[in-house]
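J.: Before anything else, here's the structure in question.
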Amino acid sequence: MANEYATLATLKNQLGIPETDDSRDGRLTRSLAAASRGIDRDTGRRFYLTDTPTARIINPLRRTYRDEDGDHLLTADIGSLTGLTVEVGAGPTFTDITQMVEAEPTDALDQGLPVTSLLRAGAWPAGGGSRVRITARWGWPAVPVEVEQATLLQASRLAKRADSPEGVTGSAEWGVVRVSRIDPDVHALIKHFVLPAFG
């Protein structure tokens, strides 16, 4: 597994499992992976940063808006400007315009946030099969602390579900309690990261 938003050691510490006890490492690692990918799905974005720049071709239609600064192209999260290349074209032919675009918000990376749009003084191409090819390191510069905590909470719940396969748990002192499907604390931690749909 890879790209989990919390470490196995941190999860074991939270659950009170000694670091030297590796008898449940497989279950805990799977729980971390499932919790991390669940957060990706629920927010519509991913918080890990790709190791190397990769290219994506996007259709600029309905992903641009114009103001007094120029045309803004909404992109998936870009977590580093290292290796950023922006090209426009149609079909197999693309022209590099990297020097003519500005990453926005301009101070996003300094604040630990991703770049989410590209500003161009002129218009982005539209229609006629025109596309924009962006090569970038996708994701967030670093995993937000809220996402790490939500991952730990959800992974803990998933790991404990093995002891409550019917969705109930209990003790002699408190009796039987149903385990809810959605942890309200997880929802509260990640709701601000949910990516709005493109309209």
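Simple scheme: letters A, B, ... for chains in structure tokens order, numbers from 1 for residues in each chain, numbers from 1 for ligands in the order shown.
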Extract, using only C-alpha atoms, all DNA, RNA and protein residues at most 8 Å from stretch 7-18 of chain A, discarding same-chain residues fewer than 2 positions from it, and format them as a PDB file with C-alpha atoms, in the first residue's frame.

T.:
ATOM      1  CA  GLU A   4      -1.785   6.718   3.151  1.00  0.00           C
ATOM      2  CA  TYR A   5      -2.467   9.940   5.049  1.00  0.00           C
ATOM      3  CA  THR A  20       6.735  -4.050  18.828  1.00  0.00           C
ATOM      4  CA  ASP A  21       3.404  -5.871  18.381  1.00  0.00           C
ATOM      5  CA  ASP A  25      -0.052  -4.736  11.135  1.00  0.00           C
ATOM      6  CA  LEU A  28      -4.128  -1.816  10.326  1.00  0.00           C
ATOM      7  CA  THR A  29      -2.294  -1.109   7.067  1.00  0.00           C
ATOM      8  CA  LEU A  32      -5.213   3.088   6.704  1.00  0.00           C
ATOM      9  CA  LEU A 152      -6.660   7.998  11.921  1.00  0.00           C
ATOM     10  CA  ALA A 155      -8.852   3.725  10.163  1.00  0.00           C
ATOM     11  CA  SER A 156      -9.404   3.075  13.873  1.00  0.00           C
TER      12      SER A 156
END

J.: Per residue of stretch 56-109 of chain A within 10 Å of stretch 186-198 of chain A, note the shortest atom pair and the distance in Å to one decimal, counting only C-alpha atoms, and order the rows by chain and increasing residue number, as CSV.

T.:
residue,atom,partner,partner_atom,distance
A:Arg62,CA,A:Phe198,CA,7.3
A:Arg63,CA,A:Phe198,CA,6.8
A:Thr64,CA,A:Phe198,CA,9.8
A:Leu74,CA,A:Phe198,CA,8.7
A:Ala76,CA,A:Leu195,CA,9.5
A:Asp77,CA,A:Leu195,CA,9.8

J.: When DSSP is applied to the backbone of this structure, which of stretch 84-135 of chain A are assigned strand (DSSP E or B)? Write them out as a list in words.

T.: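 In stretch 84-135 of chain A, DSSP puts these residues in strand (DSSP E or B): Leu84, Thr85, Val86, Glu87, Val88, Gly89, Ala90, Thr93, Phe94, Thr95, Asp96, Val101, Glu102, Ala103, Glu104, Val115, Thr116, Ser117, Leu118, Leu119, Arg120, Ser130, Arg131, Val132, Arg133, Ile134 and Thr135 of chain A.
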
J.: So which residues touch A:Asp185 within 12 Å, counting only C-alpha atoms, skipping near sequence neighbours fewer than 5 positions away, as a PDB file with N, CA and C atoms, in the first residue's frame?

T.:
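The result, stored in around03.pdb:
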ATOM      1  N   GLU A 146      -5.842  18.069   9.321  1.00  0.00           N
ATOM      2  CA  GLU A 146      -7.223  17.592   9.465  1.00  0.00           C
ATOM      3  C   GLU A 146      -7.438  16.276   8.727  1.00  0.00           C
ATOM      4  N   VAL A 147      -6.811  16.149   7.573  1.00  0.00           N
ATOM      5  CA  VAL A 147      -6.943  14.924   6.790  1.00  0.00           C
ATOM      6  C   VAL A 147      -6.220  13.774   7.491  1.00  0.00           C
ATOM      7  N   GLN A 149      -5.809  13.480  10.728  1.00  0.00           N
ATOM      8  CA  GLN A 149      -6.614  13.092  11.886  1.00  0.00           C
ATOM      9  C   GLN A 149      -7.859  12.328  11.463  1.00  0.00           C
ATOM     10  N   ALA A 150      -8.506  12.767  10.372  1.00  0.00           N
ATOM     11  CA  ALA A 150      -9.685  12.050   9.870  1.00  0.00           C
ATOM     12  C   ALA A 150      -9.318  10.632   9.453  1.00  0.00           C
ATOM     13  N   THR A 151      -8.142  10.477   8.853  1.00  0.00           N
ATOM     14  CA  THR A 151      -7.674   9.149   8.450  1.00  0.00           C
ATOM     15  C   THR A 151      -7.479   8.253   9.662  1.00  0.00           C
ATOM     16  N   LEU A 152      -6.874   8.779  10.710  1.00  0.00           N
ATOM     17  CA  LEU A 152      -6.660   7.998  11.921  1.00  0.00           C
ATOM     18  C   LEU A 152      -7.984   7.581  12.568  1.00  0.00           C
ATOM     19  N   LEU A 153      -8.935   8.515  12.612  1.00  0.00           N
ATOM     20  CA  LEU A 153     -10.245   8.187  13.185  1.00  0.00           C
ATOM     21  C   LEU A 153     -10.941   7.090  12.387  1.00  0.00           C
ATOM     22  N   GLN A 154     -10.957   7.256  11.062  1.00  0.00           N
ATOM     23  CA  GLN A 154     -11.655   6.282  10.218  1.00  0.00           C
ATOM     24  C   GLN A 154     -10.930   4.935  10.200  1.00  0.00           C
ATOM     25  N   ARG A 157     -11.753   3.044  13.310  1.00  0.00           N
ATOM     26  CA  ARG A 157     -13.092   2.448  13.230  1.00  0.00           C
ATOM     27  C   ARG A 157     -13.081   1.201  12.352  1.00  0.00           C
ATOM     28  N   SER A 180     -22.167   3.344  14.098  1.00  0.00           N
ATOM     29  CA  SER A 180     -22.704   4.091  12.951  1.00  0.00           C
ATOM     30  C   SER A 180     -21.758   3.982  11.762  1.00  0.00           C
ATOM     31  N   ILE A 190     -13.209  16.846   7.285  1.00  0.00           N
ATOM     32  CA  ILE A 190     -12.903  16.906   5.842  1.00  0.00           C
ATOM     33  C   ILE A 190     -13.890  17.726   5.024  1.00  0.00           C
ATOM     34  N   LYS A 191     -14.991  18.169   5.613  1.00  0.00           N
ATOM     35  CA  LYS A 191     -16.030  18.827   4.809  1.00  0.00           C
ATOM     36  C   LYS A 191     -15.536  20.089   4.108  1.00  0.00           C
TER      37      LYS A 191
END

J.: Find the residues of stretch 2-79 of chain A that sit at most 10 Å from stretch 88-107 of chain A; for each, write down the nearest two atoms and how far apart they are in Å, to one decimal. Count only C-alpha atoms. Sort by chain, then by number going up, and give it as a tab-separated table.

T.:
residue	atom	partner	partner_atom	distance
A:Ile57	CA	A:Val88	CA	9.3
A:Ile58	CA	A:Val88	CA	9.8
A:Pro60	CA	A:Val88	CA	9.9
A:Asp71	CA	A:Val101	CA	9.7
A:His72	CA	A:Glu104	CA	8.7
A:Leu73	CA	A:Glu104	CA	9.6
A:Leu74	CA	A:Glu104	CA	9.4
A:Thr75	CA	A:Glu104	CA	9.9
A:Ile78	CA	A:Ala103	CA	9.1

J.: Can you write out the residues you just picked, keeping C-alpha atoms, as an mmCIF file, in the first residue's frame?

T.:
data_model
loop_
_atom_site.group_PDB
_atom_site.id
_atom_site.type_symbol
_atom_site.label_atom_id
_atom_site.label_comp_id
_atom_site.auth_asym_id
_atom_site.auth_seq_id
_atom_site.Cartn_x
_atom_site.Cartn_y
_atom_site.Cartn_z
ATOM 1 C CA ILE A 57 -5.074 16.573 -21.196
ATOM 2 C CA ILE A 58 -8.185 18.538 -20.304
ATOM 3 C CA PRO A 60 -11.136 23.834 -21.209
ATOM 4 C CA ASP A 71 -8.886 33.968 -18.336
ATOM 5 C CA HIS A 72 -8.639 31.522 -15.441
ATOM 6 C CA LEU A 73 -8.534 27.791 -16.155
ATOM 7 C CA LEU A 74 -9.663 25.617 -13.232
ATOM 8 C CA THR A 75 -7.407 22.607 -12.730
ATOM 9 C CA ILE A 78 -1.222 21.015 -8.332
#

J.: May I have all residues of chain A that DSSP, computed from the backbone, assigns to alpha helix (DSSP H), given as a PyMOL selection string?

T.: chain A and resi 8-14+25-43+145-160+184-190

J.: Store the residues of this selection in a file with C-alpha atoms, as a CSV table (one decimal), in the first residue's frame.

T.:
chain,number,residue,atom,x,y,z
A,8,LEU,CA,1.1,2.8,10.9
A,9,ALA,CA,3.1,3.8,14.0
A,10,THR,CA,0.7,6.7,14.7
A,11,LEU,CA,-2.3,4.5,14.3
A,12,LYS,CA,-0.9,1.9,16.6
A,13,ASN,CA,-0.1,4.5,19.2
A,14,GLN,CA,-3.6,5.9,19.0
A,25,ASP,CA,-0.1,-4.7,11.1
A,26,GLY,CA,-1.7,-6.2,8.0
A,27,ARG,CA,-5.2,-5.3,9.2
A,28,LEU,CA,-4.1,-1.8,10.3
A,29,THR,CA,-2.3,-1.1,7.1
A,30,ARG,CA,-5.4,-2.1,5.1
A,31,SER,CA,-7.5,0.1,7.3
A,32,LEU,CA,-5.2,3.1,6.7
A,33,ALA,CA,-5.3,2.5,2.9
A,34,ALA,CA,-9.1,2.2,2.9
A,35,ALA,CA,-9.6,5.3,5.1
A,36,SER,CA,-7.2,7.3,2.9
A,37,ARG,CA,-8.9,6.3,-0.4
A,38,GLY,CA,-12.3,6.9,1.2
A,39,ILE,CA,-11.3,10.5,2.0
A,40,ASP,CA,-10.2,10.9,-1.6
A,41,ARG,CA,-13.6,9.7,-2.8
A,42,ASP,CA,-15.6,11.8,-0.3
A,43,THR,CA,-13.7,15.0,-1.0
A,145,VAL,CA,-3.4,17.9,9.6
A,146,GLU,CA,-7.2,17.6,9.5
A,147,VAL,CA,-6.9,14.9,6.8
A,148,GLU,CA,-4.4,13.0,8.8
A,149,GLN,CA,-6.6,13.1,11.9
A,150,ALA,CA,-9.7,12.1,9.9
A,151,THR,CA,-7.7,9.1,8.5
A,152,LEU,CA,-6.7,8.0,11.9
A,153,LEU,CA,-10.2,8.2,13.2
A,154,GLN,CA,-11.7,6.3,10.2
A,155,ALA,CA,-8.9,3.7,10.2
A,156,SER,CA,-9.4,3.1,13.9
A,157,ARG,CA,-13.1,2.4,13.2
A,158,LEU,CA,-12.4,0.1,10.3
A,159,ALA,CA,-9.8,-1.8,12.3
A,160,LYS,CA,-12.3,-2.2,15.2
A,184,PRO,CA,-19.5,12.8,12.4
A,185,ASP,CA,-16.0,13.9,13.5
A,186,VAL,CA,-14.5,12.5,10.2
A,187,HIS,CA,-17.1,14.4,8.3
A,188,ALA,CA,-16.5,17.6,10.2
A,189,LEU,CA,-12.7,17.4,9.6
A,190,ILE,CA,-12.9,16.9,5.8

J.: Counting only C-alpha atoms, what is within 9 Å of A:Pro144, bar same-chain residues fewer than 6 positions away, as a count of residues only?

T.: 4
